[in-house]
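Colleague: The structure file protein21.txt (compact mmCIF, C-alpha atoms) is provided below.
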```txt
# COMPACT_ATOMS: atom_id res chain seq x y z
CA MET A 1 0.00 0.00 0.00
CA SER A 2 1.33 3.44 -0.92
CA GLU A 3 1.77 5.84 1.98
CA LEU A 4 0.26 9.30 1.55
CA ARG A 5 2.96 11.96 1.51
CA VAL A 6 1.80 15.44 2.54
CA VAL A 7 3.79 18.48 1.44
CA ARG A 8 3.05 21.88 2.99
CA ALA A 9 4.50 24.09 0.30
CA GLY A 10 3.62 27.60 1.47
CA THR A 11 2.81 30.06 -1.33
CA VAL A 12 3.37 28.73 -4.85
CA PRO A 13 2.47 30.48 -8.15
CA TYR A 14 -0.36 28.64 -9.87
CA GLU A 15 1.56 27.67 -13.01
CA ASP A 16 4.42 26.27 -10.92
CA ALA A 17 2.02 24.20 -8.82
CA TRP A 18 0.28 22.92 -11.94
CA ALA A 19 3.60 21.78 -13.43
CA TRP A 20 4.46 20.18 -10.08
CA GLN A 21 1.17 18.30 -10.13
CA ARG A 22 1.87 17.00 -13.62
CA ARG A 23 5.29 15.69 -12.57
CA LEU A 24 3.85 13.98 -9.50
CA HIS A 25 1.04 12.53 -11.61
CA GLU A 26 3.49 11.01 -14.09
CA GLU A 27 5.54 9.50 -11.27
CA ARG A 28 2.45 8.05 -9.57
CA VAL A 29 1.17 6.55 -12.83
CA ALA A 30 4.61 5.02 -13.47
CA GLY A 31 4.77 3.65 -9.93
CA THR A 32 7.92 5.61 -9.14
CA GLY A 33 6.31 8.12 -6.78
CA PRO A 34 3.93 7.95 -3.82
CA ASP A 35 0.41 9.24 -3.38
CA THR A 36 0.91 12.90 -2.53
CA LEU A 37 -1.19 15.73 -1.11
CA LEU A 38 0.08 19.25 -1.76
CA LEU A 39 -1.22 21.89 0.66
CA LEU A 40 -0.47 25.47 -0.34
CA GLU A 41 -1.67 28.96 -1.13
CA HIS A 42 -1.50 30.77 -4.46
CA PRO A 43 -0.88 34.40 -5.32
CA ALA A 44 -4.17 35.84 -6.60
CA VAL A 45 -5.27 34.17 -9.85
CA TYR A 46 -8.44 33.13 -11.71
CA THR A 47 -8.56 29.64 -13.21
CA ALA A 48 -11.21 28.26 -15.54
CA GLY A 49 -12.22 24.64 -15.86
CA LYS A 50 -13.33 23.09 -19.12
CA ARG A 51 -17.02 23.99 -18.73
CA THR A 52 -16.51 27.74 -18.15
CA LEU A 53 -18.67 29.94 -20.39
CA PRO A 54 -17.53 33.33 -21.73
CA HIS A 55 -19.98 35.38 -19.63
CA GLU A 56 -18.75 33.72 -16.42
CA ARG A 57 -15.22 35.13 -16.76
CA PRO A 58 -14.07 38.28 -14.90
CA PHE A 59 -16.13 41.28 -15.88
CA ASP A 60 -13.11 43.61 -16.17
CA GLY A 61 -11.02 41.43 -18.48
CA THR A 62 -8.67 40.16 -15.75
CA PRO A 63 -6.50 37.35 -17.18
CA VAL A 64 -7.64 33.78 -16.58
CA ILE A 65 -5.61 30.56 -16.71
CA ASP A 66 -7.50 27.82 -18.55
CA VAL A 67 -6.88 24.44 -16.93
CA ASP A 68 -7.72 20.78 -17.56
CA ARG A 69 -9.86 20.14 -14.48
CA GLY A 70 -13.61 19.76 -14.34
CA GLY A 71 -15.85 22.53 -13.15
CA LYS A 72 -15.99 26.18 -14.10
CA ILE A 73 -14.20 29.36 -13.07
CA THR A 74 -12.85 30.04 -9.61
CA TRP A 75 -10.40 32.30 -7.80
CA HIS A 76 -7.33 31.33 -5.83
CA GLY A 77 -5.36 33.64 -3.61
CA PRO A 78 -3.88 34.42 -0.19
CA GLY A 79 -6.04 33.25 2.70
CA GLN A 80 -7.37 30.25 0.78
CA LEU A 81 -6.01 26.80 1.58
CA VAL A 82 -5.63 24.80 -1.63
CA GLY A 83 -5.13 21.04 -1.65
CA TYR A 84 -4.00 18.93 -4.60
CA PRO A 85 -4.24 15.17 -3.97
CA ILE A 86 -2.31 13.18 -6.55
CA VAL A 87 -3.50 9.71 -5.61
CA ALA A 88 -4.25 6.45 -7.39
CA LEU A 89 -7.91 5.46 -7.22
CA PRO A 90 -8.97 1.83 -6.91
CA ASP A 91 -10.67 0.03 -9.78
CA PRO A 92 -13.30 0.64 -10.89
CA VAL A 93 -12.40 4.36 -10.87
CA ASP A 94 -15.17 6.42 -9.28
CA VAL A 95 -14.51 10.14 -9.66
CA VAL A 96 -17.72 11.19 -7.91
CA ALA A 97 -16.81 9.12 -4.87
CA HIS A 98 -13.41 10.86 -4.76
CA VAL A 99 -15.11 14.26 -4.79
CA ARG A 100 -17.55 13.19 -2.07
CA ARG A 101 -14.72 11.99 0.17
CA MET A 102 -13.02 15.37 -0.03
CA GLU A 103 -16.30 17.18 0.59
CA ARG A 104 -16.94 15.10 3.73
CA ALA A 105 -13.43 15.78 5.01
CA LEU A 106 -13.85 19.53 4.59
CA MET A 107 -17.30 19.44 6.18
CA THR A 108 -15.73 17.79 9.21
CA VAL A 109 -13.16 20.59 9.46
CA CYS A 110 -15.88 23.25 9.17
CA SER A 111 -17.98 21.53 11.82
CA GLU A 112 -15.07 21.38 14.24
CA LEU A 113 -14.70 25.16 13.86
CA GLY A 114 -18.40 25.74 14.45
CA VAL A 115 -19.55 26.32 10.85
CA ALA A 116 -22.54 24.21 9.80
CA THR A 117 -22.24 23.08 6.18
CA ALA A 118 -24.07 20.85 3.75
CA LEU A 119 -23.92 19.36 0.29
CA VAL A 120 -26.20 20.84 -2.37
CA GLU A 121 -27.76 18.50 -4.91
CA GLY A 122 -26.17 18.89 -8.31
CA ARG A 123 -23.46 21.26 -7.07
CA SER A 124 -20.01 20.20 -5.96
CA GLY A 125 -18.21 21.72 -3.01
CA VAL A 126 -19.12 22.51 0.59
CA TRP A 127 -21.93 24.95 1.24
CA VAL A 128 -23.42 27.10 3.99
CA LEU A 129 -27.15 26.93 3.34
CA ALA A 130 -29.33 30.00 2.83
CA ASP A 131 -30.32 31.87 5.97
CA ASP A 132 -31.15 35.44 7.01
CA ARG A 133 -27.60 36.45 6.04
CA GLY A 134 -27.89 35.42 2.40
CA PRO A 135 -28.44 32.66 -0.18
CA ASP A 136 -26.59 29.36 -0.38
CA ARG A 137 -22.89 30.19 -0.34
CA LYS A 138 -19.86 28.06 -1.05
CA VAL A 139 -17.04 27.91 1.49
CA ALA A 140 -14.99 25.25 -0.31
CA ALA A 141 -14.75 24.55 -4.04
CA ILE A 142 -13.73 21.25 -5.63
CA GLY A 143 -12.59 20.52 -9.17
CA VAL A 144 -10.71 17.39 -10.19
CA ARG A 145 -9.25 15.52 -13.12
CA VAL A 146 -8.52 11.80 -13.24
CA ALA A 147 -6.18 10.40 -15.90
CA ARG A 148 -4.92 6.81 -16.01
CA GLY A 149 -6.50 6.20 -12.62
CA VAL A 150 -4.61 8.99 -10.81
CA THR A 151 -6.17 12.24 -9.59
CA MET A 152 -5.10 15.84 -10.08
CA HIS A 153 -6.35 19.25 -8.92
CA GLY A 154 -8.53 19.16 -5.81
CA PHE A 155 -10.06 21.58 -3.32
CA ALA A 156 -9.90 25.19 -2.15
CA LEU A 157 -11.12 26.17 1.33
CA ASN A 158 -11.79 29.87 1.93
CA CYS A 159 -10.23 30.71 5.30
CA ASP A 160 -9.65 34.47 5.33
CA PRO A 161 -9.23 35.59 1.70
CA ASP A 162 -10.26 38.92 0.22
CA MET A 163 -13.79 37.98 -0.78
CA ALA A 164 -14.03 40.93 -3.17
CA ALA A 165 -12.29 38.73 -5.75
CA PHE A 166 -15.43 36.61 -6.04
CA SER A 167 -17.61 39.58 -6.98
CA ASN A 168 -15.71 40.06 -10.26
CA MET A 169 -17.03 36.86 -11.87
CA VAL A 170 -19.76 34.25 -11.64
CA PRO A 171 -18.16 31.88 -9.08
CA CYS A 172 -18.23 28.30 -10.34
CA GLY A 173 -20.77 29.43 -12.94
CA ILE A 174 -23.57 29.66 -10.35
CA PRO A 175 -25.36 33.03 -10.54
CA ASP A 176 -27.93 32.37 -7.81
CA ALA A 177 -25.47 31.54 -5.04
CA GLY A 178 -22.54 33.22 -3.39
CA ALA A 179 -19.14 32.53 -1.92
CA THR A 180 -18.15 32.82 1.71
CA SER A 181 -15.25 32.14 4.06
CA LEU A 182 -14.72 30.66 7.48
CA SER A 183 -13.85 34.15 8.72
CA ALA A 184 -17.08 35.63 7.34
CA GLU A 185 -19.22 32.88 8.85
CA LEU A 186 -17.57 32.96 12.29
CA GLY A 187 -17.14 36.71 12.53
CA ARG A 188 -13.45 36.46 13.36
CA ASP A 189 -10.22 35.98 11.49
CA VAL A 190 -9.58 32.33 10.66
CA PRO A 191 -6.17 32.14 8.96
CA VAL A 192 -4.88 29.20 6.96
CA SER A 193 -2.48 28.43 9.79
CA GLU A 194 -5.43 27.71 12.11
CA VAL A 195 -7.01 25.08 9.87
CA ILE A 196 -4.16 23.39 8.01
CA ASP A 197 -3.55 20.74 10.70
CA ALA A 198 -7.23 19.77 10.75
CA VAL A 199 -7.43 19.69 6.95
CA GLU A 200 -4.36 17.48 6.70
CA ALA A 201 -5.74 15.07 9.32
CA ALA A 202 -9.17 14.88 7.67
CA MET A 203 -7.71 14.37 4.20
CA ARG A 204 -5.30 11.70 5.41
CA GLN A 205 -8.26 9.79 6.81
CA VAL A 206 -10.36 9.85 3.62
CA LEU A 207 -7.57 9.59 1.05
CA ALA A 208 -5.88 6.67 2.78
CA ALA A 209 -9.09 4.71 2.22
CA THR A 210 -8.71 5.17 -1.56
CA VAL A 211 -5.16 3.90 -1.92
CA PRO A 212 -5.11 0.55 -3.79
CA ALA A 213 -3.40 -2.30 -1.98
```
Do you think you could lay out the structure here as structure tokens?
Modeller:
Amino acid sequence: MSELRVVRAGTVPYEDAWAWQRRLHEERVAGTGPDTLLLLEHPAVYTAGKRTLPHERPFDGTPVIDVDRGGKITWHGPGQLVGYPIVALPDPVDVVAHVRRMERALMTVCSELGVATALVEGRSGVWVLADDRGPDRKVAAIGVRVARGVTMHGFALNCDPDMAAFSNMVPCGIPDAGATSLSAELGRDVPVSEVIDAVEAAMRQVLAATVPA
């Protein structure tokens, strides 16, 4: 059984992290590298998955990096904990189950902090449901790619980012919902440093279950 290696990489430019993922993916497919989880932050950047429509891109023409994951457009930046699991899935490959495992892990982290979250039918990610403060709002986004049985891309948990970045686009292509952060929901600053231990522990628990013997 492959042991899950976790790398806390600090702040890494998006293109560099994407190239890093591709190298790790090749090594995992070839059997020369372990299952790996990268935990990091990015300098501010918009990335667009394969299903992104033109009207969902930033309204002011801000550059966007088009990537090979599923999903639509999202923002990454300081204050957002990003995780990239590069892990081999068991046969038969079940991409939806992989997404659900990550969602459950992040929901556990949110619950431990005192933020009640839920899954929304037909919409990936982790959500705070509509209440007197606003409509359904996403606190963690998920977008993945699986090639030759090994995963790439992953999740982004909003800890204490500048939420103004989300008002410049249609987040994840969903016009009738919003984005939120742990800090916004709890009314206090919740930095990445406060949650990274819990996220690593929760991801180790769910990803270890996927590793083929």
Colleague: Identify, on the basis of only C-alpha atoms, every residue whose closest approach to Gly49 (chain A) does not exceed 9 Å; exclude the query and any residue fewer than 3 positions from it along the same chain; express the result as a list in words.
Modeller: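 So, after excluding close chain neighbours, the residues are Thr52, Ile65, Asp66, Val67, Asp68, Arg69, Gly70, Gly71, Lys72, Ile73, Thr74, Gly143 and Cys172 of chain A.
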Colleague: Which residue is closest to Val146 (chain A)? Choose from A:Glu112, A:Asp189, A:Glu103, A:Asp94 and count only C-alpha atoms.
Modeller: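 Going through A:Glu112, A:Asp189, A:Glu103, A:Asp94 one by one, the smallest distance to Val146 (chain A) is for A:Asp94.
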Colleague: Between A:Asp60, A:Val45, A:Arg148, A:Ser111, which has the minimum distance to Val29 (chain A) (counting only C-alpha atoms)?
Modeller: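 Residue with the minimum atom-to-atom distance to Val29 (chain A): A:Arg148.
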Colleague: I need the residue nearest Ala48 (chain A) from this list: A:Ile86, A:Leu113, A:Val64, A:Ala141. Use only C-alpha atoms for the distance.
Modeller: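 Of the candidates, the smallest distance to Ala48 (chain A) is held by A:Val64.
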Colleague: List the neighbours of Met163 (chain A) out to 8 Å using all atoms listed in the file; skip same-chain residues closer than 4 positions along the sequence, and give me the result as a PyMOL selection string.
Modeller: chain A and resi 167+179-181
Colleague: Could you dump the residues just selected with C-alpha atoms as an mmCIF file, in the coordinates of the input?
Modeller:
```cif
data_model
loop_
_atom_site.group_PDB
_atom_site.id
_atom_site.type_symbol
_atom_site.label_atom_id
_atom_site.label_comp_id
_atom_site.auth_asym_id
_atom_site.auth_seq_id
_atom_site.Cartn_x
_atom_site.Cartn_y
_atom_site.Cartn_z
ATOM 1 C CA SER A 167 -17.610 39.580 -6.980
ATOM 2 C CA ALA A 179 -19.140 32.530 -1.920
ATOM 3 C CA THR A 180 -18.150 32.820 1.710
ATOM 4 C CA SER A 181 -15.250 32.140 4.060
#
```
Colleague: Which residues, written as a PyMOL selection string, have at least one atom at most 10 Å from Phe155 (chain A), with all atoms listed in the file counted and residues fewer than 3 positions away on the same chain left out?
Modeller: chain A and resi 39+80-85+99+102-103+106+125-126+140-144+158
Colleague: Which polymer residues, whether protein, DNA or RNA, lie within 8 Å of the coordinate (-21.2, 29.2, 10.4) when you count only C-alpha atoms? List them as a PyMOL selection string, using the chain letters and numbers from the file.
Modeller: chain A and resi 114-117+128+182+185-186
Colleague: Please report the interatomic distance between CA of Gly122 (chain A) and CA of Gly154 (chain A) in Å with one decimal.
Modeller: 17.8 Å
Colleague: Rounded to one decimal place, report the CA of Thr47 (chain A)-CA of Ala184 (chain A) distance in Å.
Modeller: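 Computing the Euclidean distance for CA of Thr47 (chain A) and CA of Ala184 (chain A) yields 23.0 Å.
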Colleague: Enter the distance from CA of Val120 (chain A) to CA of Ile196 (chain A), in Å, rounded to one decimal.
Modeller: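 Separation of CA of Val120 (chain A) and CA of Ile196 (chain A): 24.5 Å.
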Colleague: Neighbouring residues of region 10-26 of chain A were defined as those with any atom within 6 Å, considering only C-alpha atoms; residues of the same chain fewer than 2 positions away were excluded. Please report them as a PDB file with C-alpha atoms, in the frame of the given file.
Modeller:
```pdb
ATOM      1  CA  ARG A   8       3.050  21.880   2.990  1.00  0.00           C
ATOM      2  CA  ARG A  28       2.450   8.050  -9.570  1.00  0.00           C
ATOM      3  CA  VAL A  29       1.170   6.550 -12.830  1.00  0.00           C
ATOM      4  CA  LEU A  40      -0.470  25.470  -0.340  1.00  0.00           C
ATOM      5  CA  GLU A  41      -1.670  28.960  -1.130  1.00  0.00           C
ATOM      6  CA  HIS A  42      -1.500  30.770  -4.460  1.00  0.00           C
ATOM      7  CA  PRO A  43      -0.880  34.400  -5.320  1.00  0.00           C
TER       8      PRO A  43
END
```
Colleague: Fewer than 2 positions away in the same chain doesn't count, so skip those; otherwise give me all residues within 9 Å of Leu4 (chain A), counting all atoms listed in the file, as a PyMOL selection string.
Modeller: chain A and resi 2+6+34-37+87+204+207-208+211
Colleague: Could region 76-88 of chain A be completed with N, CA and C atoms and written as a PDB file, in the frame of the given file, please?
Modeller:
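So the final result, stored in selection15.pdb, reads:
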```pdb
ATOM      1  N   HIS A  76      -8.243  31.763  -6.872  1.00  0.00           N
ATOM      2  CA  HIS A  76      -7.330  31.330  -5.830  1.00  0.00           C
ATOM      3  C   HIS A  76      -6.513  32.524  -5.374  1.00  0.00           C
ATOM      4  N   GLY A  77      -6.181  32.544  -4.089  1.00  0.00           N
ATOM      5  CA  GLY A  77      -5.360  33.640  -3.610  1.00  0.00           C
ATOM      6  C   GLY A  77      -5.023  33.495  -2.138  1.00  0.00           C
ATOM      7  N   PRO A  78      -4.285  34.458  -1.598  1.00  0.00           N
ATOM      8  CA  PRO A  78      -3.880  34.420  -0.190  1.00  0.00           C
ATOM      9  C   PRO A  78      -5.097  34.277   0.726  1.00  0.00           C
ATOM     10  N   GLY A  79      -4.942  33.476   1.760  1.00  0.00           N
ATOM     11  CA  GLY A  79      -6.040  33.250   2.700  1.00  0.00           C
ATOM     12  C   GLY A  79      -6.928  32.084   2.322  1.00  0.00           C
ATOM     13  N   GLN A  80      -6.606  31.425   1.224  1.00  0.00           N
ATOM     14  CA  GLN A  80      -7.370  30.250   0.780  1.00  0.00           C
ATOM     15  C   GLN A  80      -6.429  29.044   0.797  1.00  0.00           C
ATOM     16  N   LEU A  81      -6.818  28.013   1.521  1.00  0.00           N
ATOM     17  CA  LEU A  81      -6.010  26.800   1.580  1.00  0.00           C
ATOM     18  C   LEU A  81      -6.389  25.892   0.421  1.00  0.00           C
ATOM     19  N   VAL A  82      -5.412  25.625  -0.445  1.00  0.00           N
ATOM     20  CA  VAL A  82      -5.630  24.800  -1.630  1.00  0.00           C
ATOM     21  C   VAL A  82      -4.971  23.443  -1.404  1.00  0.00           C
ATOM     22  N   GLY A  83      -5.675  22.385  -1.776  1.00  0.00           N
ATOM     23  CA  GLY A  83      -5.130  21.040  -1.650  1.00  0.00           C
ATOM     24  C   GLY A  83      -5.194  20.301  -2.969  1.00  0.00           C
ATOM     25  N   TYR A  84      -4.063  19.707  -3.369  1.00  0.00           N
ATOM     26  CA  TYR A  84      -4.000  18.930  -4.600  1.00  0.00           C
ATOM     27  C   TYR A  84      -3.611  17.490  -4.266  1.00  0.00           C
ATOM     28  N   PRO A  85      -4.580  16.589  -4.149  1.00  0.00           N
ATOM     29  CA  PRO A  85      -4.240  15.170  -3.970  1.00  0.00           C
ATOM     30  C   PRO A  85      -3.889  14.536  -5.311  1.00  0.00           C
ATOM     31  N   ILE A  86      -2.709  13.977  -5.390  1.00  0.00           N
ATOM     32  CA  ILE A  86      -2.310  13.180  -6.550  1.00  0.00           C
ATOM     33  C   ILE A  86      -2.242  11.750  -6.061  1.00  0.00           C
ATOM     34  N   VAL A  87      -3.370  11.045  -6.190  1.00  0.00           N
ATOM     35  CA  VAL A  87      -3.500   9.710  -5.610  1.00  0.00           C
ATOM     36  C   VAL A  87      -4.091   8.749  -6.626  1.00  0.00           C
ATOM     37  N   ALA A  88      -3.690   7.495  -6.533  1.00  0.00           N
ATOM     38  CA  ALA A  88      -4.250   6.450  -7.390  1.00  0.00           C
ATOM     39  C   ALA A  88      -5.573   5.973  -6.815  1.00  0.00           C
TER      40      ALA A  88
END
```
